[in-house]
>>> print(open('my_file.tsv').read())   # TSV, C-alpha atoms and all ligand atoms
chain	number	residue	atom	x	y	z
A	1	MET	CA	13.26	-7.00	5.40
A	2	ALA	CA	10.93	-4.13	4.64
A	3	PHE	CA	7.33	-3.22	4.14
A	4	ILE	CA	5.52	-0.50	2.29
A	5	THR	CA	2.10	0.59	3.47
A	6	ILE	CA	-0.23	1.96	0.83
A	7	SER	CA	-3.01	4.21	2.07
A	8	GLY	CA	-5.75	6.05	0.20
A	9	TYR	CA	-9.44	6.46	-0.43
A	10	PRO	CA	-11.50	3.58	-1.80
A	11	SER	CA	-10.95	3.17	-5.57
A	12	SER	CA	-8.25	5.86	-5.55
A	13	GLY	CA	-5.85	3.72	-7.59
A	14	LYS	CA	-3.96	2.00	-4.76
A	15	SER	CA	-3.68	-1.39	-6.46
A	16	LYS	CA	-2.43	0.23	-9.62
A	17	ARG	CA	0.25	2.05	-7.62
A	18	ALA	CA	1.14	-1.13	-5.70
A	19	GLU	CA	1.83	-2.86	-9.03
A	20	GLN	CA	3.95	0.07	-10.20
A	21	ILE	CA	5.97	-0.03	-6.96
A	22	LYS	CA	6.46	-3.80	-7.27
A	23	ALA	CA	7.69	-3.43	-10.85
A	24	ALA	CA	10.03	-0.56	-9.93
A	25	LEU	CA	11.59	-2.53	-7.06
A	26	GLU	CA	11.92	-5.72	-9.10
A	27	GLN	CA	13.61	-3.79	-11.88
A	28	ARG	CA	16.24	-2.58	-9.41
A	29	LEU	CA	16.65	-5.99	-7.79
A	30	GLN	CA	17.15	-7.63	-11.17
A	31	ASP	CA	19.63	-5.09	-12.42
A	32	PRO	CA	23.11	-6.61	-12.92
A	33	SER	CA	24.61	-3.82	-10.82
A	34	TYR	CA	22.57	-4.91	-7.80
A	35	THR	CA	24.82	-6.87	-5.47
A	36	GLY	CA	22.70	-6.98	-2.32
A	37	PRO	CA	20.86	-9.92	-0.79
A	38	LYS	CA	18.28	-11.82	-2.81
A	39	LEU	CA	14.92	-10.24	-2.04
A	40	LYS	CA	11.41	-10.92	-3.24
A	41	VAL	CA	8.64	-8.35	-3.57
A	42	SER	CA	5.13	-9.43	-2.56
A	43	ILE	CA	1.80	-7.68	-2.46
A	44	LEU	CA	-0.62	-8.35	0.37
A	45	SER	CA	-4.13	-7.05	-0.28
A	46	ASP	CA	-7.81	-7.65	0.31
A	47	ASP	CA	-7.72	-9.50	-3.01
A	48	THR	CA	-4.82	-11.80	-2.12
A	49	LEU	CA	-6.79	-12.61	1.05
A	50	ASN	CA	-10.00	-13.12	-0.96
A	51	LEU	CA	-11.78	-10.42	1.01
A	52	ASP	CA	-14.83	-9.01	-0.73
A	53	ARG	CA	-15.23	-5.21	-0.64
A	54	ALA	CA	-18.53	-5.85	1.17
A	55	VAL	CA	-16.54	-6.53	4.37
A	56	TYR	CA	-16.34	-2.74	4.69
A	57	ASP	CA	-20.13	-2.45	4.80
A	58	SER	CA	-20.18	-2.83	8.58
A	59	SER	CA	-17.67	-2.57	11.40
A	60	ARG	CA	-18.69	-6.06	12.47
A	61	SER	CA	-17.31	-7.55	9.28
A	62	GLU	CA	-14.51	-5.03	8.83
A	63	LYS	CA	-12.83	-5.78	12.14
A	64	PRO	CA	-12.07	-9.46	11.47
A	65	ALA	CA	-10.98	-8.54	7.95
A	66	ARG	CA	-8.47	-6.11	9.38
A	67	GLY	CA	-7.36	-8.82	11.80
A	68	ALA	CA	-6.83	-11.20	8.88
A	69	LEU	CA	-4.73	-8.59	7.09
A	70	PHE	CA	-2.59	-8.02	10.18
A	71	THR	CA	-2.05	-11.74	10.76
A	72	ALA	CA	-1.11	-12.28	7.12
A	73	MET	CA	1.23	-9.33	7.30
A	74	GLN	CA	3.04	-10.76	10.32
A	75	ARG	CA	3.27	-14.16	8.63
A	76	GLN	CA	4.65	-12.76	5.40
A	77	MET	CA	7.09	-10.31	6.91
A	78	GLY	CA	10.48	-11.89	6.42
A	79	GLN	CA	14.10	-10.89	6.09
A	80	ASP	CA	14.05	-11.85	2.41
A	81	THR	CA	10.85	-9.95	1.54
A	82	ILE	CA	9.73	-6.46	0.65
A	83	LEU	CA	6.03	-6.61	1.45
A	84	ILE	CA	3.63	-4.10	-0.11
A	85	ILE	CA	0.45	-3.77	1.92
A	86	ASP	CA	-2.19	-2.67	-0.54
A	87	SER	CA	-5.32	-1.94	1.46
A	88	LEU	CA	-7.21	1.17	2.60
A	89	ASN	CA	-5.08	1.35	5.78
A	90	TYR	CA	-7.12	4.39	6.71
A	91	ILE	CA	-7.08	3.99	10.50
A	92	LYS	CA	-4.19	5.74	12.18
A	93	GLY	CA	-4.13	3.22	15.02
A	94	PHE	CA	-3.91	0.35	12.56
A	95	ARG	CA	-0.96	1.89	10.75
A	96	TYR	CA	0.68	2.37	14.15
A	97	GLN	CA	0.07	-1.29	14.98
A	98	MET	CA	1.74	-2.36	11.74
A	99	TYR	CA	4.65	-0.03	12.40
A	100	CYS	CA	5.17	-1.57	15.86
A	101	ALA	CA	5.10	-5.09	14.40
A	102	GLY	CA	7.66	-4.07	11.79
A	103	ARG	CA	9.88	-2.32	14.28
A	104	GLU	CA	10.03	-5.40	16.45
A	105	LEU	CA	11.50	-7.29	13.49
A	106	ARG	CA	13.77	-4.34	12.65
A	107	LEU	CA	12.18	-3.92	9.24
A	108	ARG	CA	12.56	-0.90	7.00
A	109	MET	CA	9.28	0.80	6.22
A	110	CYS	CA	7.63	3.63	4.40
A	111	THR	CA	4.12	4.80	3.58
A	112	VAL	CA	2.76	5.71	0.16
A	113	TYR	CA	-0.30	7.94	0.24
A	114	VAL	CA	-2.33	7.71	-2.96
A	115	VAL	CA	-4.11	11.04	-3.26
A	116	THR	CA	-7.14	11.23	-5.55
A	117	PRO	CA	-10.04	13.66	-5.03
A	118	PRO	CA	-13.22	12.01	-3.69
A	119	ASP	CA	-15.29	12.84	-6.78
A	120	ILE	CA	-12.77	11.11	-9.04
A	121	CYS	CA	-12.60	8.08	-6.72
A	122	LYS	CA	-16.39	8.01	-6.81
A	123	LYS	CA	-16.36	7.98	-10.61
A	124	TRP	CA	-13.70	5.23	-10.78
A	125	ASN	CA	-15.60	3.26	-8.14
A	126	ALA	CA	-18.84	3.47	-10.11
A	127	GLU	CA	-17.17	2.64	-13.41
A	128	ARG	CA	-15.01	-0.28	-12.34
A	129	GLU	CA	-15.89	-3.59	-13.96
A	130	ASP	CA	-13.74	-5.91	-11.85
A	131	GLY	CA	-16.42	-6.56	-9.20
A	132	LYS	CA	-14.40	-4.62	-6.65
A	133	SER	CA	-16.67	-1.59	-6.26
A	134	TYR	CA	-17.65	-0.41	-2.81
A	135	ALA	CA	-21.36	0.12	-2.16
A	136	PRO	CA	-22.18	3.87	-2.42
A	137	GLU	CA	-22.96	4.22	1.28
A	138	THR	CA	-19.82	2.32	2.29
A	139	PHE	CA	-17.77	4.44	-0.07
A	140	ASP	CA	-19.05	7.69	1.52
A	141	ASN	CA	-18.49	6.30	5.00
A	142	LEU	CA	-14.90	5.30	4.29
A	143	ILE	CA	-14.10	8.72	2.87
A	144	MET	CA	-15.57	10.36	5.97
A	145	ARG	CA	-13.66	8.14	8.37
A	146	PHE	CA	-10.36	8.30	6.51
A	147	GLU	CA	-7.43	9.35	8.71
A	148	GLU	CA	-4.81	10.94	6.48
A	149	PRO	CA	-1.20	9.76	6.81
A	150	SER	CA	1.15	12.42	8.12
A	151	SER	CA	4.91	12.78	7.74
A	152	MET	CA	4.91	14.32	11.24
A	153	VAL	CA	4.33	10.96	12.94
A	154	ARG	CA	7.00	8.28	12.99
A	155	TRP	CA	4.68	5.44	11.98
A	156	ASP	CA	3.80	7.10	8.65
A	157	SER	CA	7.37	8.21	7.90
A	158	PRO	CA	8.95	8.44	5.49
A	159	LEU	CA	5.80	9.38	3.62
A	160	PHE	CA	5.58	9.57	-0.16
A	161	THR	CA	2.56	11.14	-1.79
A	162	VAL	CA	1.39	10.09	-5.24
A	163	LEU	CA	-1.22	12.23	-6.99
A	164	TRP	CA	-3.84	10.79	-9.32
A	165	THR	CA	-2.30	12.82	-12.15
A	166	ASP	CA	1.19	11.35	-11.60
A	167	GLU	CA	2.30	9.04	-14.37
A	168	ASP	CA	4.57	7.01	-12.11
A	169	ILE	CA	5.53	6.46	-8.47
A	170	PRO	CA	8.76	7.85	-6.91
A	171	GLY	CA	10.64	4.60	-7.47
A	172	ASP	CA	14.05	5.91	-6.45
A	173	ASP	CA	12.84	7.39	-3.18
A	174	ILE	CA	10.90	4.26	-2.25
A	175	TRP	CA	13.83	2.02	-3.17
A	176	LYS	CA	16.18	4.13	-1.06
A	177	SER	CA	13.89	4.22	1.96
A	178	VAL	CA	13.62	0.44	2.09
A	179	THR	CA	17.17	-0.50	1.14
A	180	GLU	CA	19.54	2.35	1.99
A	181	GLY	CA	22.44	1.28	4.15
A	182	ILE	CA	21.66	-2.36	3.54
A	183	VAL	CA	22.49	-2.71	-0.13
A	184	LYS	CA	24.64	-0.86	-2.62
A	185	PRO	CA	22.46	1.25	-4.95
A	186	PRO	CA	22.14	-0.04	-8.54
A	187	ASN	CA	22.63	2.25	-11.53
A	188	VAL	CA	18.98	2.39	-12.50
A	189	GLY	CA	17.43	5.81	-12.96
A	201	LIG	P1	-8.00	0.85	-5.32
A	201	LIG	O1	-6.93	-0.22	-5.16
A	201	LIG	O2	-7.70	2.11	-4.58
A	201	LIG	O3	-9.37	0.34	-5.07
A	201	LIG	P2	-7.55	0.51	-8.18
A	201	LIG	O4	-6.09	0.65	-8.46
A	201	LIG	O5	-8.10	-0.88	-8.13
A	201	LIG	O6	-7.95	1.32	-6.86
A	201	LIG	O7	-8.32	1.38	-9.24
A	201	LIG	C1	-9.73	1.61	-9.13
A	201	LIG	C2	-10.32	1.79	-10.51
A	201	LIG	O8	-9.87	3.05	-11.04
A	201	LIG	C3	-9.90	0.71	-11.50
A	201	LIG	O9	-10.99	0.44	-12.36
A	201	LIG	C4	-8.75	1.37	-12.24
A	201	LIG	O10	-8.65	0.87	-13.55
A	201	LIG	C5	-9.14	2.85	-12.24
A	201	LIG	N1	-7.98	3.71	-12.18
A	201	LIG	C6	-6.97	3.66	-11.27
A	201	LIG	N2	-6.05	4.62	-11.49
A	201	LIG	C7	-6.49	5.31	-12.57
A	201	LIG	C8	-5.99	6.44	-13.30
A	201	LIG	N3	-4.84	7.07	-12.95
A	201	LIG	N4	-6.73	6.89	-14.36
A	201	LIG	C9	-7.88	6.29	-14.70
A	201	LIG	N5	-8.41	5.22	-14.06
A	201	LIG	C10	-7.73	4.73	-13.01
>>> encode(input="my_file.tsv", output="structure tokens")
Amino acid sequence: MAFITISGYPSSGKSKRAEQIKAALEQRLQDPSYTGPKLKVSILSDDTLNLDRAVYDSSRSEKPARGALFTAMQRQMGQDTILIIDSLNYIKGFRYQMYCAGRELRLRMCTVYVVTPPDICKKWNAEREDGKSYAPETFDNLIMRFEEPSSMVRWDSPLFTVLWTDEDIPGDDIWKSVTEGIVKPPNVG
């Protein structure tokens, strides 16, 4: 029914934001005032695909990983699902490819750009204790190669930007962009 592409630097807080978005959407879907179709919210990520962060160490291992993400995305895209794609999604051409796949199925879509300065990402990457750190060289490489989402191109639009200092995500705007015109808005602020 819809998909939400998360994009951002390595260890910028994307998974945390993906969880916040999921919770915000579920809250609206579960509200008694919601009268639209029954929808489920799912997160697709390197973790749900069991992809180690080391796949980003070389383009030889990164390419099939990206292929796996794309295949899983196509499989999980359904009329009853809002799919959150929580991965780096840093290649413009890849985001375009996902947009085309979504358009073919007439899905709603939006992009959430998680903006955190590189030095803070570096700190969070070094400090994380969940085994999901990127190797220092890989981390630097990914930051260098990162292709920023832009609201000027149709495949990144609508684009919502979340700063590292933001307490929460723009739940209302995201909800609207994926459901407007399809369901009646609930009374949740
Ligand atoms: P990503 O999905 O971009 O790799 P995560 O959401 O997994 O990022 O977060 C990376 C690390 O940074 C985790 O250890 C997380 O706890 C920490 N982190 C994320 N957001 C914040 C924040 N706003 N303040 C402090 N630490 C954060």
>>> residues_near_ligand(input="my_file.tsv", ligand="ligand LIG 201 (chain A)", cutoff="6 Å", atoms="all atoms listed in the file", output="list in words")
Pro10, Ser11, Ser12, Gly13, Lys14, Ser15, Lys16, Trp124, Asn125, Arg128 and Trp164 of chain A
>>> write_last_selection(input="my_file.tsv", atoms="C-alpha atoms", output="CSV table (one decimal), keeping the file's coordinate frame")
chain,number,residue,atom,x,y,z
A,10,PRO,CA,-11.5,3.6,-1.8
A,11,SER,CA,-11.0,3.2,-5.6
A,12,SER,CA,-8.2,5.9,-5.6
A,13,GLY,CA,-5.8,3.7,-7.6
A,14,LYS,CA,-4.0,2.0,-4.8
A,15,SER,CA,-3.7,-1.4,-6.5
A,16,LYS,CA,-2.4,0.2,-9.6
A,124,TRP,CA,-13.7,5.2,-10.8
A,125,ASN,CA,-15.6,3.3,-8.1
A,128,ARG,CA,-15.0,-0.3,-12.3
A,164,TRP,CA,-3.8,10.8,-9.3
>>> closest_atom_pairs(input="my_file.tsv", of="stretch 11-89 of chain A", to="stretch 99-105 of chain A", cutoff="12 Å", atoms="only C-alpha atoms", output="tab-separated table")
residue	atom	partner	partner_atom	distance
A:Phe70	CA	A:Ala101	CA	9.2
A:Thr71	CA	A:Ala101	CA	10.4
A:Ala72	CA	A:Ala101	CA	12.0
A:Met73	CA	A:Ala101	CA	9.1
A:Gln74	CA	A:Ala101	CA	7.3
A:Arg75	CA	A:Ala101	CA	10.9
A:Gln76	CA	A:Gly102	CA	11.2
A:Met77	CA	A:Gly102	CA	7.9
A:Gly78	CA	A:Leu105	CA	8.5
A:Gln79	CA	A:Leu105	CA	8.6
A:Ile82	CA	A:Gly102	CA	11.6
A:Leu83	CA	A:Gly102	CA	10.8
A:Ile85	CA	A:Tyr99	CA	11.9
A:Asn89	CA	A:Tyr99	CA	11.8
>>> residues_around(input="my_file.tsv", residues="A:Leu142", least_positions_apart="6", cutoff="12 Å", atoms="all atoms listed in the file", output="MDAnalysis selection string")
chainID A and resid 8:12 53 55:59 62 88:91 118 121:122 134:136 148
>>> atom_distance(input="my_file.tsv", atom1="atom CA of A:Lys92", atom2="atom CA of A:Val153")
10.0 Å
>>> atom_distance(input="my_file.tsv", atom1="atom CA of A:Phe146", atom2="atom CA of A:Ser7")
9.5 Å
>>> closest_residue(input="my_file.tsv", among="A:Arg106, A:Lys123, A:Lys132, A:Arg95", to="A:Ser150", atoms="all atoms listed in the file")
A:Arg95
>>> atom_distance(input="my_file.tsv", atom1="atom CA of A:Ala18", atom2="atom CA of A:Asp86")
6.3 Å
>>> closest_residue(input="my_file.tsv", among="A:Val115, A:Cys110, A:Ile143, A:Ile4", to="A:Ser42", atoms="only C-alpha atoms")
A:Ile4
>>> closest_residue(input="my_file.tsv", among="A:Lys22, A:Lys40, A:Lys176, A:Lys63", to="A:Phe160", atoms="all atoms listed in the file")
A:Lys176
>>> closest_residue(input="my_file.tsv", among="A:Thr165, A:Asn141, A:Ser151, A:Ser87", to="A:Thr116", atoms="only C-alpha atoms")
A:Thr165
>>> residues_around(input="my_file.tsv", residues="A:Gln20", least_positions_apart="4", cutoff="9 Å", atoms="only C-alpha atoms", output="list in words")
Ser15, Lys16, Ala24, Leu25, Asp168, Ile169 and Gly171 of chain A
>>> closest_residue(input="my_file.tsv", among="A:Asp47, A:Val114, A:Tyr96, A:Asp166", to="A:Asp130", atoms="all atoms listed in the file")
A:Asp47
>>> closest_residue(input="my_file.tsv", among="A:Met152, A:Met1, A:Met144, A:Leu49", to="A:Gly67", atoms="only C-alpha atoms")
A:Leu49
>>> decode(input="my_file.tsv", residues="stretch 24-67 of chain A", atoms="N, CA and C atoms", output="PDB file, in the first residue's frame")
ATOM      1  N   ALA A  24       4.429   5.383  15.553  1.00  0.00           N
ATOM      2  CA  ALA A  24       3.517   6.493  15.248  1.00  0.00           C
ATOM      3  C   ALA A  24       2.408   6.036  14.294  1.00  0.00           C
ATOM      4  N   LEU A  25       2.761   5.237  13.303  1.00  0.00           N
ATOM      5  CA  LEU A  25       1.755   4.764  12.341  1.00  0.00           C
ATOM      6  C   LEU A  25       0.802   3.778  13.011  1.00  0.00           C
ATOM      7  N   GLU A  26       1.361   2.884  13.821  1.00  0.00           N
ATOM      8  CA  GLU A  26       0.509   1.882  14.490  1.00  0.00           C
ATOM      9  C   GLU A  26      -0.472   2.557  15.441  1.00  0.00           C
ATOM     10  N   GLN A  27       0.006   3.603  16.093  1.00  0.00           N
ATOM     11  CA  GLN A  27      -0.877   4.335  17.019  1.00  0.00           C
ATOM     12  C   GLN A  27      -2.091   4.879  16.257  1.00  0.00           C
ATOM     13  N   ARG A  28      -1.837   5.416  15.072  1.00  0.00           N
ATOM     14  CA  ARG A  28      -2.937   5.977  14.268  1.00  0.00           C
ATOM     15  C   ARG A  28      -3.845   4.882  13.710  1.00  0.00           C
ATOM     16  N   LEU A  29      -3.234   3.763  13.332  1.00  0.00           N
ATOM     17  CA  LEU A  29      -4.037   2.659  12.778  1.00  0.00           C
ATOM     18  C   LEU A  29      -4.924   2.011  13.846  1.00  0.00           C
ATOM     19  N   GLN A  30      -4.418   2.053  15.097  1.00  0.00           N
ATOM     20  CA  GLN A  30      -5.173   1.408  16.169  1.00  0.00           C
ATOM     21  C   GLN A  30      -6.173   2.338  16.828  1.00  0.00           C
ATOM     22  N   ASP A  31      -6.135   3.593  16.458  1.00  0.00           N
ATOM     23  CA  ASP A  31      -7.051   4.549  17.069  1.00  0.00           C
ATOM     24  C   ASP A  31      -8.495   4.209  16.672  1.00  0.00           C
ATOM     25  N   PRO A  32      -9.433   4.277  17.640  1.00  0.00           N
ATOM     26  CA  PRO A  32     -10.827   3.935  17.325  1.00  0.00           C
ATOM     27  C   PRO A  32     -11.417   4.785  16.206  1.00  0.00           C
ATOM     28  N   SER A  33     -10.889   5.988  16.018  1.00  0.00           N
ATOM     29  CA  SER A  33     -11.444   6.856  14.972  1.00  0.00           C
ATOM     30  C   SER A  33     -10.955   6.468  13.570  1.00  0.00           C
ATOM     31  N   TYR A  34     -10.002   5.545  13.519  1.00  0.00           N
ATOM     32  CA  TYR A  34      -9.501   5.110  12.206  1.00  0.00           C
ATOM     33  C   TYR A  34     -10.491   4.116  11.587  1.00  0.00           C
ATOM     34  N   THR A  35     -10.947   4.452  10.392  1.00  0.00           N
ATOM     35  CA  THR A  35     -11.969   3.595   9.775  1.00  0.00           C
ATOM     36  C   THR A  35     -11.513   3.038   8.424  1.00  0.00           C
ATOM     37  N   GLY A  36     -10.231   3.216   8.132  1.00  0.00           N
ATOM     38  CA  GLY A  36      -9.709   2.768   6.838  1.00  0.00           C
ATOM     39  C   GLY A  36      -9.440   1.278   6.807  1.00  0.00           C
ATOM     40  N   PRO A  37      -8.833   0.820   5.733  1.00  0.00           N
ATOM     41  CA  PRO A  37      -8.532  -0.617   5.611  1.00  0.00           C
ATOM     42  C   PRO A  37      -7.518  -1.079   6.664  1.00  0.00           C
ATOM     43  N   LYS A  38      -7.575  -2.361   6.958  1.00  0.00           N
ATOM     44  CA  LYS A  38      -6.646  -2.935   7.942  1.00  0.00           C
ATOM     45  C   LYS A  38      -5.249  -2.974   7.314  1.00  0.00           C
ATOM     46  N   LEU A  39      -4.306  -2.325   7.965  1.00  0.00           N
ATOM     47  CA  LEU A  39      -2.951  -2.256   7.412  1.00  0.00           C
ATOM     48  C   LEU A  39      -1.944  -2.715   8.459  1.00  0.00           C
ATOM     49  N   LYS A  40      -0.871  -3.340   7.998  1.00  0.00           N
ATOM     50  CA  LYS A  40       0.188  -3.661   8.946  1.00  0.00           C
ATOM     51  C   LYS A  40       1.447  -2.865   8.582  1.00  0.00           C
ATOM     52  N   VAL A  41       2.229  -2.567   9.615  1.00  0.00           N
ATOM     53  CA  VAL A  41       3.459  -1.807   9.405  1.00  0.00           C
ATOM     54  C   VAL A  41       4.638  -2.751   9.623  1.00  0.00           C
ATOM     55  N   SER A  42       5.503  -2.868   8.628  1.00  0.00           N
ATOM     56  CA  SER A  42       6.669  -3.759   8.763  1.00  0.00           C
ATOM     57  C   SER A  42       7.951  -2.988   8.492  1.00  0.00           C
ATOM     58  N   ILE A  43       8.998  -3.438   9.142  1.00  0.00           N
ATOM     59  CA  ILE A  43      10.322  -2.855   8.888  1.00  0.00           C
ATOM     60  C   ILE A  43      11.162  -3.878   8.141  1.00  0.00           C
ATOM     61  N   LEU A  44      11.762  -3.438   7.045  1.00  0.00           N
ATOM     62  CA  LEU A  44      12.715  -4.274   6.316  1.00  0.00           C
ATOM     63  C   LEU A  44      14.083  -3.616   6.488  1.00  0.00           C
ATOM     64  N   SER A  45      15.060  -4.392   6.959  1.00  0.00           N
ATOM     65  CA  SER A  45      16.378  -3.794   7.224  1.00  0.00           C
ATOM     66  C   SER A  45      17.475  -4.825   7.005  1.00  0.00           C
ATOM     67  N   ASP A  46      18.708  -4.371   7.073  1.00  0.00           N
ATOM     68  CA  ASP A  46      19.839  -5.297   6.995  1.00  0.00           C
ATOM     69  C   ASP A  46      19.707  -6.349   8.109  1.00  0.00           C
ATOM     70  N   ASP A  47      19.195  -5.916   9.244  1.00  0.00           N
ATOM     71  CA  ASP A  47      19.054  -6.845  10.375  1.00  0.00           C
ATOM     72  C   ASP A  47      17.971  -7.883  10.121  1.00  0.00           C
ATOM     73  N   THR A  48      16.819  -7.453   9.575  1.00  0.00           N
ATOM     74  CA  THR A  48      15.759  -8.449   9.334  1.00  0.00           C
ATOM     75  C   THR A  48      16.216  -9.426   8.245  1.00  0.00           C
ATOM     76  N   LEU A  49      17.178  -9.016   7.421  1.00  0.00           N
ATOM     77  CA  LEU A  49      17.710  -9.912   6.389  1.00  0.00           C
ATOM     78  C   LEU A  49      18.978 -10.638   6.866  1.00  0.00           C
ATOM     79  N   ASN A  50      19.320 -10.416   8.136  1.00  0.00           N
ATOM     80  CA  ASN A  50      20.532 -11.027   8.706  1.00  0.00           C
ATOM     81  C   ASN A  50      21.806 -10.651   7.962  1.00  0.00           C
ATOM     82  N   LEU A  51      21.854  -9.422   7.493  1.00  0.00           N
ATOM     83  CA  LEU A  51      23.056  -8.967   6.782  1.00  0.00           C
ATOM     84  C   LEU A  51      23.999  -8.289   7.776  1.00  0.00           C
ATOM     85  N   ASP A  52      25.208  -8.794   7.841  1.00  0.00           N
ATOM     86  CA  ASP A  52      26.217  -8.212   8.719  1.00  0.00           C
ATOM     87  C   ASP A  52      26.678  -6.868   8.141  1.00  0.00           C
ATOM     88  N   ARG A  53      27.052  -5.920   9.003  1.00  0.00           N
ATOM     89  CA  ARG A  53      27.529  -4.627   8.497  1.00  0.00           C
ATOM     90  C   ARG A  53      28.792  -4.786   7.637  1.00  0.00           C
ATOM     91  N   ALA A  54      29.481  -5.917   7.799  1.00  0.00           N
ATOM     92  CA  ALA A  54      30.709  -6.155   7.015  1.00  0.00           C
ATOM     93  C   ALA A  54      30.417  -6.284   5.514  1.00  0.00           C
ATOM     94  N   VAL A  55      29.146  -6.466   5.133  1.00  0.00           N
ATOM     95  CA  VAL A  55      28.858  -6.548   3.689  1.00  0.00           C
ATOM     96  C   VAL A  55      29.232  -5.238   2.991  1.00  0.00           C
ATOM     97  N   TYR A  56      29.280  -4.151   3.778  1.00  0.00           N
ATOM     98  CA  TYR A  56      29.610  -2.849   3.177  1.00  0.00           C
ATOM     99  C   TYR A  56      31.117  -2.629   3.039  1.00  0.00           C
ATOM    100  N   ASP A  57      31.893  -3.629   3.464  1.00  0.00           N
ATOM    101  CA  ASP A  57      33.353  -3.481   3.399  1.00  0.00           C
ATOM    102  C   ASP A  57      33.870  -3.473   1.962  1.00  0.00           C
ATOM    103  N   SER A  58      33.149  -4.127   1.062  1.00  0.00           N
ATOM    104  CA  SER A  58      33.599  -4.106  -0.341  1.00  0.00           C
ATOM    105  C   SER A  58      32.390  -4.078  -1.262  1.00  0.00           C
ATOM    106  N   SER A  59      32.583  -3.529  -2.469  1.00  0.00           N
ATOM    107  CA  SER A  59      31.446  -3.447  -3.388  1.00  0.00           C
ATOM    108  C   SER A  59      31.039  -4.842  -3.851  1.00  0.00           C
ATOM    109  N   ARG A  60      31.995  -5.778  -3.780  1.00  0.00           N
ATOM    110  CA  ARG A  60      31.677  -7.140  -4.197  1.00  0.00           C
ATOM    111  C   ARG A  60      30.644  -7.796  -3.271  1.00  0.00           C
ATOM    112  N   SER A  61      30.723  -7.467  -1.991  1.00  0.00           N
ATOM    113  CA  SER A  61      29.731  -8.045  -1.078  1.00  0.00           C
ATOM    114  C   SER A  61      28.522  -7.120  -0.912  1.00  0.00           C
ATOM    115  N   GLU A  62      28.724  -5.852  -1.184  1.00  0.00           N
ATOM    116  CA  GLU A  62      27.606  -4.910  -1.004  1.00  0.00           C
ATOM    117  C   GLU A  62      26.530  -5.084  -2.086  1.00  0.00           C
ATOM    118  N   LYS A  63      26.984  -5.363  -3.283  1.00  0.00           N
ATOM    119  CA  LYS A  63      26.048  -5.459  -4.413  1.00  0.00           C
ATOM    120  C   LYS A  63      24.981  -6.554  -4.209  1.00  0.00           C
ATOM    121  N   PRO A  64      25.411  -7.786  -3.884  1.00  0.00           N
ATOM    122  CA  PRO A  64      24.371  -8.804  -3.645  1.00  0.00           C
ATOM    123  C   PRO A  64      23.492  -8.479  -2.442  1.00  0.00           C
ATOM    124  N   ALA A  65      24.063  -7.786  -1.456  1.00  0.00           N
ATOM    125  CA  ALA A  65      23.271  -7.413  -0.278  1.00  0.00           C
ATOM    126  C   ALA A  65      22.164  -6.439  -0.692  1.00  0.00           C
ATOM    127  N   ARG A  66      22.526  -5.515  -1.553  1.00  0.00           N
ATOM    128  CA  ARG A  66      21.539  -4.558  -2.040  1.00  0.00           C
ATOM    129  C   ARG A  66      20.473  -5.280  -2.867  1.00  0.00           C
ATOM    130  N   GLY A  67      20.917  -6.265  -3.633  1.00  0.00           N
ATOM    131  CA  GLY A  67      19.992  -7.078  -4.426  1.00  0.00           C
ATOM    132  C   GLY A  67      19.008  -7.811  -3.527  1.00  0.00           C
TER     133      GLY A  67
END
